[in-house]
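Structure data (PDB, C-alpha atoms) from query12.pdb:
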```pdb
ATOM      1  CA  MET A   1     121.650 112.165 100.638
ATOM      2  CA  ILE A   2     119.580 109.100 101.466
ATOM      3  CA  GLU A   3     121.705 106.090 102.304
ATOM      4  CA  ILE A   4     120.307 102.963 100.691
ATOM      5  CA  ASP A   5     122.435 100.518 102.568
ATOM      6  CA  ALA A   6     119.511  98.391 103.545
ATOM      7  CA  PHE A   7     116.771  96.073 102.452
ATOM      8  CA  GLU A   8     113.391  95.868 104.131
ATOM      9  CA  TYR A   9     110.480  93.483 103.801
ATOM     10  CA  ARG A  10     107.214  93.715 105.770
ATOM     11  CA  ARG A  11     104.380  91.235 106.154
ATOM     12  CA  ILE A  12     101.358  91.025 108.441
ATOM     13  CA  HIS A  13     100.433  87.566 109.720
ATOM     14  CA  ARG A  14      97.566  86.204 111.789
ATOM     15  CA  GLY A  15      99.059  85.146 115.111
ATOM     16  CA  SER A  16     100.650  86.623 118.221
ATOM     17  CA  PRO A  17     104.212  87.978 118.304
ATOM     18  CA  GLU A  18     105.068  84.969 120.495
ATOM     19  CA  LEU A  19     103.817  82.523 117.846
ATOM     20  CA  LEU A  20     105.617  84.338 115.007
ATOM     21  CA  PHE A  21     108.803  84.557 117.070
ATOM     22  CA  ALA A  22     108.519  80.820 117.773
ATOM     23  CA  CYS A  23     108.025  80.096 114.055
ATOM     24  CA  LEU A  24     111.278  81.869 113.192
ATOM     25  CA  THR A  25     113.321  80.314 115.995
ATOM     26  CA  THR A  26     112.112  76.698 116.203
ATOM     27  CA  PRO A  27     113.464  74.037 113.806
ATOM     28  CA  GLU A  28     110.105  72.183 113.828
ATOM     29  CA  HIS A  29     108.461  75.358 112.474
ATOM     30  CA  LEU A  30     111.304  76.558 110.214
ATOM     31  CA  THR A  31     111.416  73.290 108.285
ATOM     32  CA  HIS A  32     107.931  74.091 106.912
ATOM     33  CA  PHE A  33     108.711  77.432 105.301
ATOM     34  CA  TRP A  34     112.350  78.535 105.444
ATOM     35  CA  GLY A  35     113.960  77.279 102.222
ATOM     36  CA  PRO A  36     113.632  79.157  98.934
ATOM     37  CA  GLU A  37     111.277  77.833  96.238
ATOM     38  CA  GLY A  38     112.545  74.571  94.808
ATOM     39  CA  THR A  39     114.328  73.569  98.002
ATOM     40  CA  THR A  40     113.456  71.878 101.257
ATOM     41  CA  THR A  41     115.028  72.503 104.634
ATOM     42  CA  PRO A  42     115.080  69.177 106.497
ATOM     43  CA  LEU A  43     114.685  69.268 110.260
ATOM     44  CA  ASP A  44     118.057  67.618 110.868
ATOM     45  CA  GLY A  45     119.772  70.379 108.887
ATOM     46  CA  ILE A  46     118.561  73.199 111.123
ATOM     47  CA  VAL A  47     120.581  74.432 114.101
ATOM     48  CA  VAL A  48     119.067  77.018 116.443
ATOM     49  CA  ASP A  49     121.145  77.939 119.485
ATOM     50  CA  LEU A  50     118.979  80.800 120.663
ATOM     51  CA  ARG A  51     121.366  83.004 122.613
ATOM     52  CA  PRO A  52     123.716  85.836 121.663
ATOM     53  CA  GLY A  53     126.716  84.193 119.993
ATOM     54  CA  GLY A  54     124.693  81.049 119.297
ATOM     55  CA  VAL A  55     124.573  79.455 115.854
ATOM     56  CA  PHE A  56     121.626  79.751 113.466
ATOM     57  CA  ALA A  57     122.275  77.396 110.560
ATOM     58  CA  THR A  58     119.956  76.028 107.904
ATOM     59  CA  THR A  59     120.877  73.521 105.211
ATOM     60  CA  MET A  60     118.686  73.790 102.143
ATOM     61  CA  VAL A  61     118.416  70.834  99.790
ATOM     62  CA  ASN A  62     117.683  71.402  96.107
ATOM     63  CA  ASP A  63     114.552  69.440  95.158
ATOM     64  CA  HIS A  64     115.862  68.674  91.671
ATOM     65  CA  ASP A  65     119.475  67.621  92.068
ATOM     66  CA  GLY A  66     119.847  67.102  95.828
ATOM     67  CA  SER A  67     122.642  69.657  96.125
ATOM     68  CA  THR A  68     122.815  71.465  99.441
ATOM     69  CA  TYR A  69     123.513  74.996 100.573
ATOM     70  CA  THR A  70     124.104  75.903 104.211
ATOM     71  CA  MET A  71     123.399  79.351 105.579
ATOM     72  CA  ARG A  72     125.448  79.798 108.718
ATOM     73  CA  ALA A  73     124.601  82.774 110.887
ATOM     74  CA  VAL A  74     125.275  83.833 114.467
ATOM     75  CA  TYR A  75     122.684  85.391 116.736
ATOM     76  CA  VAL A  76     123.564  88.858 117.956
ATOM     77  CA  ALA A  77     120.496  89.820 119.966
ATOM     78  CA  ILE A  78     117.395  88.018 121.166
ATOM     79  CA  ASP A  79     114.518  89.953 122.679
ATOM     80  CA  ARG A  80     111.637  87.518 122.780
ATOM     81  CA  PRO A  81     109.078  88.119 121.302
ATOM     82  CA  HIS A  82     109.979  91.554 119.945
ATOM     83  CA  ARG A  83     113.253  91.364 118.072
ATOM     84  CA  LEU A  84     115.770  88.940 116.642
ATOM     85  CA  VAL A  85     119.176  89.857 115.155
ATOM     86  CA  TRP A  86     121.712  87.651 113.403
ATOM     87  CA  THR A  87     124.816  88.189 111.264
ATOM     88  CA  GLU A  88     126.233  86.177 108.402
ATOM     89  CA  PRO A  89     129.920  85.747 107.509
ATOM     90  CA  SER A  90     129.411  88.137 104.580
ATOM     91  CA  GLY A  91     128.825  90.887 107.141
ATOM     92  CA  MET A  92     125.121  91.167 106.436
ATOM     93  CA  VAL A  93     123.048  91.899 109.528
ATOM     94  CA  THR A  94     119.435  90.694 109.564
ATOM     95  CA  THR A  95     117.011  92.148 112.090
ATOM     96  CA  ILE A  96     113.498  90.747 112.464
ATOM     97  CA  THR A  97     111.057  92.890 114.407
ATOM     98  CA  PHE A  98     107.663  91.594 115.585
ATOM     99  CA  VAL A  99     105.041  94.315 116.014
ATOM    100  CA  ASP A 100     101.877  93.403 117.919
ATOM    101  CA  LEU A 101      98.950  94.942 116.022
ATOM    102  CA  ALA A 102      96.703  94.171 119.025
ATOM    103  CA  ASP A 103      94.023  92.563 116.872
ATOM    104  CA  GLY A 104      95.389  89.031 116.744
ATOM    105  CA  ARG A 105      97.856  89.961 114.025
ATOM    106  CA  THR A 106     101.568  90.646 114.037
ATOM    107  CA  GLU A 107     103.631  92.597 111.573
ATOM    108  CA  VAL A 108     106.961  90.949 110.851
ATOM    109  CA  ILE A 109     109.583  93.397 109.577
ATOM    110  CA  THR A 110     112.755  92.001 108.064
ATOM    111  CA  HIS A 111     115.563  94.504 107.788
ATOM    112  CA  GLN A 112     118.940  93.681 106.252
ATOM    113  CA  ALA A 113     121.911  96.005 106.436
ATOM    114  CA  HIS A 114     125.346  95.865 104.832
ATOM    115  CA  VAL A 115     124.002  93.835 101.957
ATOM    116  CA  PRO A 116     127.184  92.440 100.442
ATOM    117  CA  GLU A 117     128.579  92.307  96.954
ATOM    118  CA  ALA A 118     128.793  88.540  97.324
ATOM    119  CA  TYR A 119     125.050  88.460  96.788
ATOM    120  CA  ARG A 120     125.395  89.756  93.286
ATOM    121  CA  ASP A 121     124.478  87.104  90.817
ATOM    122  CA  PRO A 122     125.888  87.294  87.300
ATOM    123  CA  ARG A 123     123.291  84.864  85.956
ATOM    124  CA  ALA A 124     120.075  86.849  85.956
ATOM    125  CA  ARG A 125     120.492  89.951  83.828
ATOM    126  CA  ALA A 126     117.631  92.275  83.127
ATOM    127  CA  GLY A 127     117.799  95.167  80.704
ATOM    128  CA  PHE A 128     119.561  98.225  81.973
ATOM    129  CA  ALA A 129     116.543 100.488  81.640
ATOM    130  CA  THR A 130     114.371  97.997  83.495
ATOM    131  CA  SER A 131     116.891  97.954  86.314
ATOM    132  CA  LEU A 132     116.919 101.713  86.505
ATOM    133  CA  TYR A 133     113.155 101.887  86.890
ATOM    134  CA  ARG A 134     113.164  99.121  89.465
ATOM    135  CA  PHE A 135     115.764 101.064  91.383
ATOM    136  CA  ALA A 136     113.798 104.267  91.164
ATOM    137  CA  ALA A 137     110.713 102.461  92.468
ATOM    138  CA  TYR A 138     112.766 100.904  95.230
ATOM    139  CA  ALA A 139     114.240 104.267  96.216
ATOM    140  CA  ALA A 140     110.807 105.893  96.164
ATOM    141  CA  ALA A 141     109.422 103.234  98.493
ATOM    142  CA  LEU A 142     112.107 103.832 101.099
ATOM    143  CA  PRO A 143     111.214 105.683 104.267
ATOM    144  CA  SER A 144     112.844 109.088 104.029
TER     145      SER A 144
ATOM    146  CA  MET B   1     143.543  98.787  99.121
ATOM    147  CA  ALA B   2     142.608  96.286 101.804
ATOM    148  CA  VAL B   3     139.168  97.639 102.446
ATOM    149  CA  VAL B   4     136.193  95.527 103.337
ATOM    150  CA  GLN B   5     133.950  98.093 101.764
ATOM    151  CA  ASP B   6     130.316  97.341 101.262
ATOM    152  CA  GLU B   7     130.165  97.659  97.507
ATOM    153  CA  LEU B   8     126.442  97.306  97.195
ATOM    154  CA  SER B   9     125.783 100.109  99.661
ATOM    155  CA  LEU B  10     128.066 102.325  97.589
ATOM    156  CA  ILE B  11     125.942 101.523  94.556
ATOM    157  CA  PHE B  12     122.715 102.118  96.474
ATOM    158  CA  GLY B  13     123.993 105.396  97.837
ATOM    159  CA  ALA B  14     125.036 106.544  94.380
ATOM    160  CA  LEU B  15     121.639 105.687  92.905
ATOM    161  CA  ALA B  16     119.639 107.300  95.698
ATOM    162  CA  ASP B  17     120.045 110.735  94.109
ATOM    163  CA  PRO B  18     117.696 111.772  91.254
ATOM    164  CA  THR B  19     120.376 113.862  89.514
ATOM    165  CA  ARG B  20     122.744 110.909  89.435
ATOM    166  CA  ARG B  21     119.991 108.654  88.102
ATOM    167  CA  ALA B  22     119.295 111.236  85.393
ATOM    168  CA  ILE B  23     122.998 111.319  84.504
ATOM    169  CA  LEU B  24     123.001 107.532  84.191
ATOM    170  CA  GLU B  25     119.881 107.575  82.034
ATOM    171  CA  ARG B  26     121.490 110.120  79.755
ATOM    172  CA  LEU B  27     124.646 107.990  79.414
ATOM    173  CA  VAL B  28     122.571 104.921  78.617
ATOM    174  CA  ARG B  29     120.409 106.749  76.082
ATOM    175  CA  ASP B  30     122.997 108.859  74.293
ATOM    176  CA  GLY B  31     126.251 107.058  74.960
ATOM    177  CA  ASP B  32     129.476 108.436  76.404
ATOM    178  CA  ALA B  33     129.584 112.105  77.284
ATOM    179  CA  THR B  34     131.906 114.712  78.779
ATOM    180  CA  VAL B  35     131.217 116.667  81.962
ATOM    181  CA  ASN B  36     130.243 119.700  79.868
ATOM    182  CA  GLN B  37     127.729 117.694  77.884
ATOM    183  CA  LEU B  38     126.315 116.102  81.021
ATOM    184  CA  ALA B  39     126.018 119.419  82.850
ATOM    185  CA  ALA B  40     124.125 121.138  80.018
ATOM    186  CA  PRO B  41     120.554 119.962  80.850
ATOM    187  CA  PHE B  42     120.919 120.709  84.556
ATOM    188  CA  ALA B  43     120.707 124.015  86.385
ATOM    189  CA  MET B  44     123.944 123.149  88.131
ATOM    190  CA  THR B  45     127.536 124.188  88.008
ATOM    191  CA  GLN B  46     130.048 121.921  86.349
ATOM    192  CA  GLN B  47     131.591 121.551  89.768
ATOM    193  CA  ALA B  48     128.355 120.152  91.202
ATOM    194  CA  ILE B  49     128.049 117.721  88.294
ATOM    195  CA  SER B  50     131.673 116.680  88.783
ATOM    196  CA  LYS B  51     130.909 115.805  92.391
ATOM    197  CA  HIS B  52     127.991 113.619  91.285
ATOM    198  CA  LEU B  53     130.257 111.946  88.737
ATOM    199  CA  GLN B  54     132.797 111.238  91.460
ATOM    200  CA  VAL B  55     130.134 109.433  93.494
ATOM    201  CA  LEU B  56     129.107 107.388  90.445
ATOM    202  CA  GLU B  57     132.732 106.625  89.661
ATOM    203  CA  ARG B  58     133.490 105.568  93.239
ATOM    204  CA  ALA B  59     130.537 103.169  93.039
ATOM    205  CA  ARG B  60     132.047 102.027  89.722
ATOM    206  CA  LEU B  61     128.734 102.633  87.967
ATOM    207  CA  ILE B  62     130.602 104.728  85.428
ATOM    208  CA  THR B  63     134.115 104.733  84.101
ATOM    209  CA  ARG B  64     135.978 107.813  82.914
ATOM    210  CA  GLY B  65     138.580 108.086  80.236
ATOM    211  CA  ARG B  66     142.042 108.784  81.616
ATOM    212  CA  ALA B  67     143.848 109.967  78.510
ATOM    213  CA  ALA B  68     141.686 112.744  77.135
ATOM    214  CA  GLN B  69     141.455 116.049  78.964
ATOM    215  CA  ALA B  70     137.670 115.928  78.729
ATOM    216  CA  ARG B  71     137.602 112.474  80.413
ATOM    217  CA  PRO B  72     134.372 111.226  78.810
ATOM    218  CA  CYS B  73     132.054 109.164  81.041
ATOM    219  CA  ALA B  74     130.716 105.727  80.189
ATOM    220  CA  VAL B  75     128.231 103.624  82.088
ATOM    221  CA  ASP B  76     128.966 100.179  83.572
ATOM    222  CA  ALA B  77     125.597  98.541  82.950
ATOM    223  CA  GLU B  78     126.566  95.091  84.188
ATOM    224  CA  ARG B  79     127.507  96.339  87.608
ATOM    225  CA  PHE B  80     124.326  98.341  87.820
ATOM    226  CA  ASP B  81     122.117  95.406  86.866
ATOM    227  CA  SER B  82     123.760  93.136  89.397
ATOM    228  CA  ALA B  83     122.714  95.388  92.271
ATOM    229  CA  ALA B  84     119.150  95.708  91.005
ATOM    230  CA  ASP B  85     118.956  91.947  90.549
ATOM    231  CA  TRP B  86     120.030  91.320  94.123
ATOM    232  CA  ILE B  87     117.200  93.467  95.470
ATOM    233  CA  GLU B  88     114.678  91.768  93.211
ATOM    234  CA  ARG B  89     115.798  88.245  94.099
ATOM    235  CA  ASN B  90     116.035  88.979  97.815
ATOM    236  CA  ARG B  91     112.538  90.480  97.812
ATOM    237  CA  GLN B  92     111.237  87.386  96.041
ATOM    238  CA  LEU B  93     113.001  85.114  98.540
ATOM    239  CA  TRP B  94     111.387  86.815 101.543
ATOM    240  CA  ALA B  95     107.996  87.065  99.814
ATOM    241  CA  ASP B  96     107.983  83.314  99.096
ATOM    242  CA  ARG B  97     109.180  82.559 102.595
ATOM    243  CA  HIS B  98     106.344  84.584 104.117
ATOM    244  CA  ASP B  99     103.811  82.964 101.771
ATOM    245  CA  ARG B 100     104.858  79.577 103.114
ATOM    246  CA  LEU B 101     104.877  80.884 106.687
ATOM    247  CA  ALA B 102     101.281  82.103 106.215
ATOM    248  CA  ALA B 103     100.314  78.644 104.923
ATOM    249  CA  HIS B 104     102.073  77.059 107.903
ATOM    250  CA  LEU B 105     100.150  79.322 110.306
ATOM    251  CA  ARG B 106      96.868  78.330 108.617
ATOM    252  CA  ARG B 107      97.714  74.666 109.104
ATOM    253  CA  LEU B 108      98.491  75.318 112.776
ATOM    254  CA  ARG B 109      95.145  77.083 113.230
ATOM    255  CA  GLY B 110      93.364  74.234 111.455
ATOM    256  CA  ALA B 111      94.975  71.706 113.789
ATOM    257  CA  HIS B 112      93.797  73.608 116.858
ATOM    258  CA  ASP B 113      90.332  74.791 115.726
TER     259      ASP B 113
END
```
Rewrite the structure from the file as structure tokens, please.
Amino acid sequence: MIEIDAFEYRRIHRGSPELLFACLTTPEHLTHFWGPEGTTTPLDGIVVDLRPGGVFATTMVNDHDGSTYTMRAVYVAIDRPHRLVWTEPSGMVTTITFVDLADGRTEVITHQAHVPEAYRDPRARAGFATSLYRFAAYAAALPS
Amino acid sequence: MAVVQDELSLIFGALADPTRRAILERLVRDGDATVNQLAAPFAMTQQAISKHLQVLERARLITRGRAAQARPCAVDAERFDSAADWIERNRQLWADRHDRLAAHLRRLRGAHD
């Protein structure tokens, strides 16, 4: 049986692994892209203590009502500029891998394991059938 | 039970199997059914189907009647949707984040070119 205990997202960017690694570990870079749509992540709300056991925290401010949400993670492993691992209190482990494509581009692979029930959101409900097909597509796209 | 069990991974694991997805589809389409009824379309023993049902039940994607001997199965659609929604929203979050990162990288290149 395939274990689907993981989430993966891949993207290829123009830039060296070093630059992409810097973007994901430097508050001055993170503030430009980290927060979800409809939020900003002010520089003074970002903590990066880049060492195993160090804190990685980002406070996102809702553009509409000013409410804030802080993601507080702890770095587990840092292998510059190849790999970055952090955990969140929910138990979710996020691993970012930077693959040098040797043509000026870098593939950034985000892998999340132990995705927790806490991330379930009762608000957005799609039809059951729709969900089933999305799941089937998701399962089909997984590496076997 | 004081388990810190990863519920979502249980759901994912349960849904990874095509037979179990087919069982769920059948329950959604035709309503509650017994093991016998569920086993009928498959070239599988009732025992094999029962094992699949146990996995679905452990993931709480289905519930089974306790009183009747036949223990009819019913689907828990809300729980199922919640897992699918998480994947969809998380994918969107990372996609947006990388869109903005790409824009940020373009600005950096522009500043240095």
Restrict the distance test to only C-alpha atoms, flag each residue of chain B within 9 Å of chain A, and return the flagged residues as number ranges by chain. B: 5-18, 21, 24-25, 28, 77-88, 90-91, 93-106
Could you spell out the hits of the PyMOL selection byres ((chain B and resi 75) around 7) on the shown file, as a ChimeraX atom specification? /B:24,27-28,61-63,73-74,76-77
Write a file of the selected residues as a PDB file, keeping the file's coordinate frame, keeping C-alpha atoms.
```
ATOM      1  CA  LEU B  24     123.001 107.532  84.191  1.00  0.00           C
ATOM      2  CA  LEU B  27     124.646 107.990  79.414  1.00  0.00           C
ATOM      3  CA  VAL B  28     122.571 104.921  78.617  1.00  0.00           C
ATOM      4  CA  LEU B  61     128.734 102.633  87.967  1.00  0.00           C
ATOM      5  CA  ILE B  62     130.602 104.728  85.428  1.00  0.00           C
ATOM      6  CA  THR B  63     134.115 104.733  84.101  1.00  0.00           C
ATOM      7  CA  CYS B  73     132.054 109.164  81.041  1.00  0.00           C
ATOM      8  CA  ALA B  74     130.716 105.727  80.189  1.00  0.00           C
ATOM      9  CA  ASP B  76     128.966 100.179  83.572  1.00  0.00           C
ATOM     10  CA  ALA B  77     125.597  98.541  82.950  1.00  0.00           C
TER      11      ALA B  77
END
```
Separation of CA of Val55 in chain A and CA of Leu84 in chain A, in Å?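 Distance reported for this atom pair: 13.0 Å.
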Write out as a list in words which residues come within 12 Å of Gln37 in chain B when counting all atoms listed in the file, dropping same-chain ones fewer than 4 positions away.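 Returned residues: Ile23, Arg26, Leu27, Asp30, Gly31, Asp32, Ala33, Pro41, Phe42, Gln46, Ile49, Ser50, Ala70, Arg71, Pro72 and Cys73 of chain B.
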Hey, what's within 10 Å of Arg51 in chain A if we count all atoms listed in the file and toss same-chain stuff fewer than 2 positions away? As a list in words, please?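 The contact residues come out as Val48, Asp49, Gly53, Gly54, Val55, Phe56, Val74, Tyr75, Val76, Ala77, Ile78 and Asp79 of chain A.
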Using the atoms already present, construct N, CA, C and O atoms for range 92-105 of chain B and hand them back as a PDB file, in the coordinates of the input.
```pdb
ATOM      1  N   GLN B  92     111.985  88.594  96.420  1.00  0.00           N
ATOM      2  CA  GLN B  92     111.237  87.386  96.041  1.00  0.00           C
ATOM      3  C   GLN B  92     111.439  86.277  97.071  1.00  0.00           C
ATOM      4  O   GLN B  92     110.497  85.585  97.461  1.00  0.00           O
ATOM      5  N   LEU B  93     112.687  86.138  97.536  1.00  0.00           N
ATOM      6  CA  LEU B  93     113.001  85.114  98.540  1.00  0.00           C
ATOM      7  C   LEU B  93     112.168  85.308  99.803  1.00  0.00           C
ATOM      8  O   LEU B  93     111.548  84.366 100.306  1.00  0.00           O
ATOM      9  N   TRP B  94     112.125  86.542 100.302  1.00  0.00           N
ATOM     10  CA  TRP B  94     111.387  86.815 101.543  1.00  0.00           C
ATOM     11  C   TRP B  94     109.880  86.741 101.308  1.00  0.00           C
ATOM     12  O   TRP B  94     109.132  86.316 102.194  1.00  0.00           O
ATOM     13  N   ALA B  95     109.423  87.146 100.131  1.00  0.00           N
ATOM     14  CA  ALA B  95     107.996  87.065  99.814  1.00  0.00           C
ATOM     15  C   ALA B  95     107.548  85.608  99.804  1.00  0.00           C
ATOM     16  O   ALA B  95     106.529  85.244 100.406  1.00  0.00           O
ATOM     17  N   ASP B  96     108.312  84.747  99.146  1.00  0.00           N
ATOM     18  CA  ASP B  96     107.983  83.314  99.096  1.00  0.00           C
ATOM     19  C   ASP B  96     108.007  82.710 100.493  1.00  0.00           C
ATOM     20  O   ASP B  96     107.141  81.920 100.864  1.00  0.00           O
ATOM     21  N   ARG B  97     109.019  83.090 101.238  1.00  0.00           N
ATOM     22  CA  ARG B  97     109.180  82.559 102.595  1.00  0.00           C
ATOM     23  C   ARG B  97     107.958  82.921 103.451  1.00  0.00           C
ATOM     24  O   ARG B  97     107.422  82.086 104.182  1.00  0.00           O
ATOM     25  N   HIS B  98     107.507  84.156 103.329  1.00  0.00           N
ATOM     26  CA  HIS B  98     106.344  84.584 104.117  1.00  0.00           C
ATOM     27  C   HIS B  98     105.049  83.967 103.598  1.00  0.00           C
ATOM     28  O   HIS B  98     104.118  83.740 104.377  1.00  0.00           O
ATOM     29  N   ASP B  99     104.977  83.689 102.304  1.00  0.00           N
ATOM     30  CA  ASP B  99     103.811  82.964 101.771  1.00  0.00           C
ATOM     31  C   ASP B  99     103.721  81.602 102.430  1.00  0.00           C
ATOM     32  O   ASP B  99     102.648  81.167 102.851  1.00  0.00           O
ATOM     33  N   ARG B 100     104.854  80.916 102.504  1.00  0.00           N
ATOM     34  CA  ARG B 100     104.858  79.577 103.114  1.00  0.00           C
ATOM     35  C   ARG B 100     104.615  79.648 104.618  1.00  0.00           C
ATOM     36  O   ARG B 100     103.950  78.788 105.189  1.00  0.00           O
ATOM     37  N   LEU B 101     105.126  80.696 105.251  1.00  0.00           N
ATOM     38  CA  LEU B 101     104.877  80.884 106.687  1.00  0.00           C
ATOM     39  C   LEU B 101     103.378  81.081 106.929  1.00  0.00           C
ATOM     40  O   LEU B 101     102.818  80.502 107.871  1.00  0.00           O
ATOM     41  N   ALA B 102     102.724  81.878 106.075  1.00  0.00           N
ATOM     42  CA  ALA B 102     101.281  82.103 106.215  1.00  0.00           C
ATOM     43  C   ALA B 102     100.529  80.781 106.077  1.00  0.00           C
ATOM     44  O   ALA B 102      99.588  80.502 106.834  1.00  0.00           O
ATOM     45  N   ALA B 103     100.948  79.956 105.122  1.00  0.00           N
ATOM     46  CA  ALA B 103     100.314  78.644 104.923  1.00  0.00           C
ATOM     47  C   ALA B 103     100.545  77.759 106.147  1.00  0.00           C
ATOM     48  O   ALA B 103      99.641  77.041 106.590  1.00  0.00           O
ATOM     49  N   HIS B 104     101.733  77.829 106.700  1.00  0.00           N
ATOM     50  CA  HIS B 104     102.073  77.059 107.903  1.00  0.00           C
ATOM     51  C   HIS B 104     101.185  77.489 109.074  1.00  0.00           C
ATOM     52  O   HIS B 104     100.663  76.650 109.815  1.00  0.00           O
ATOM     53  N   LEU B 105     101.003  78.804 109.221  1.00  0.00           N
ATOM     54  CA  LEU B 105     100.150  79.322 110.306  1.00  0.00           C
ATOM     55  C   LEU B 105      98.699  78.860 110.117  1.00  0.00           C
ATOM     56  O   LEU B 105      98.030  78.531 111.096  1.00  0.00           O
TER      57      LEU B 105
END
```
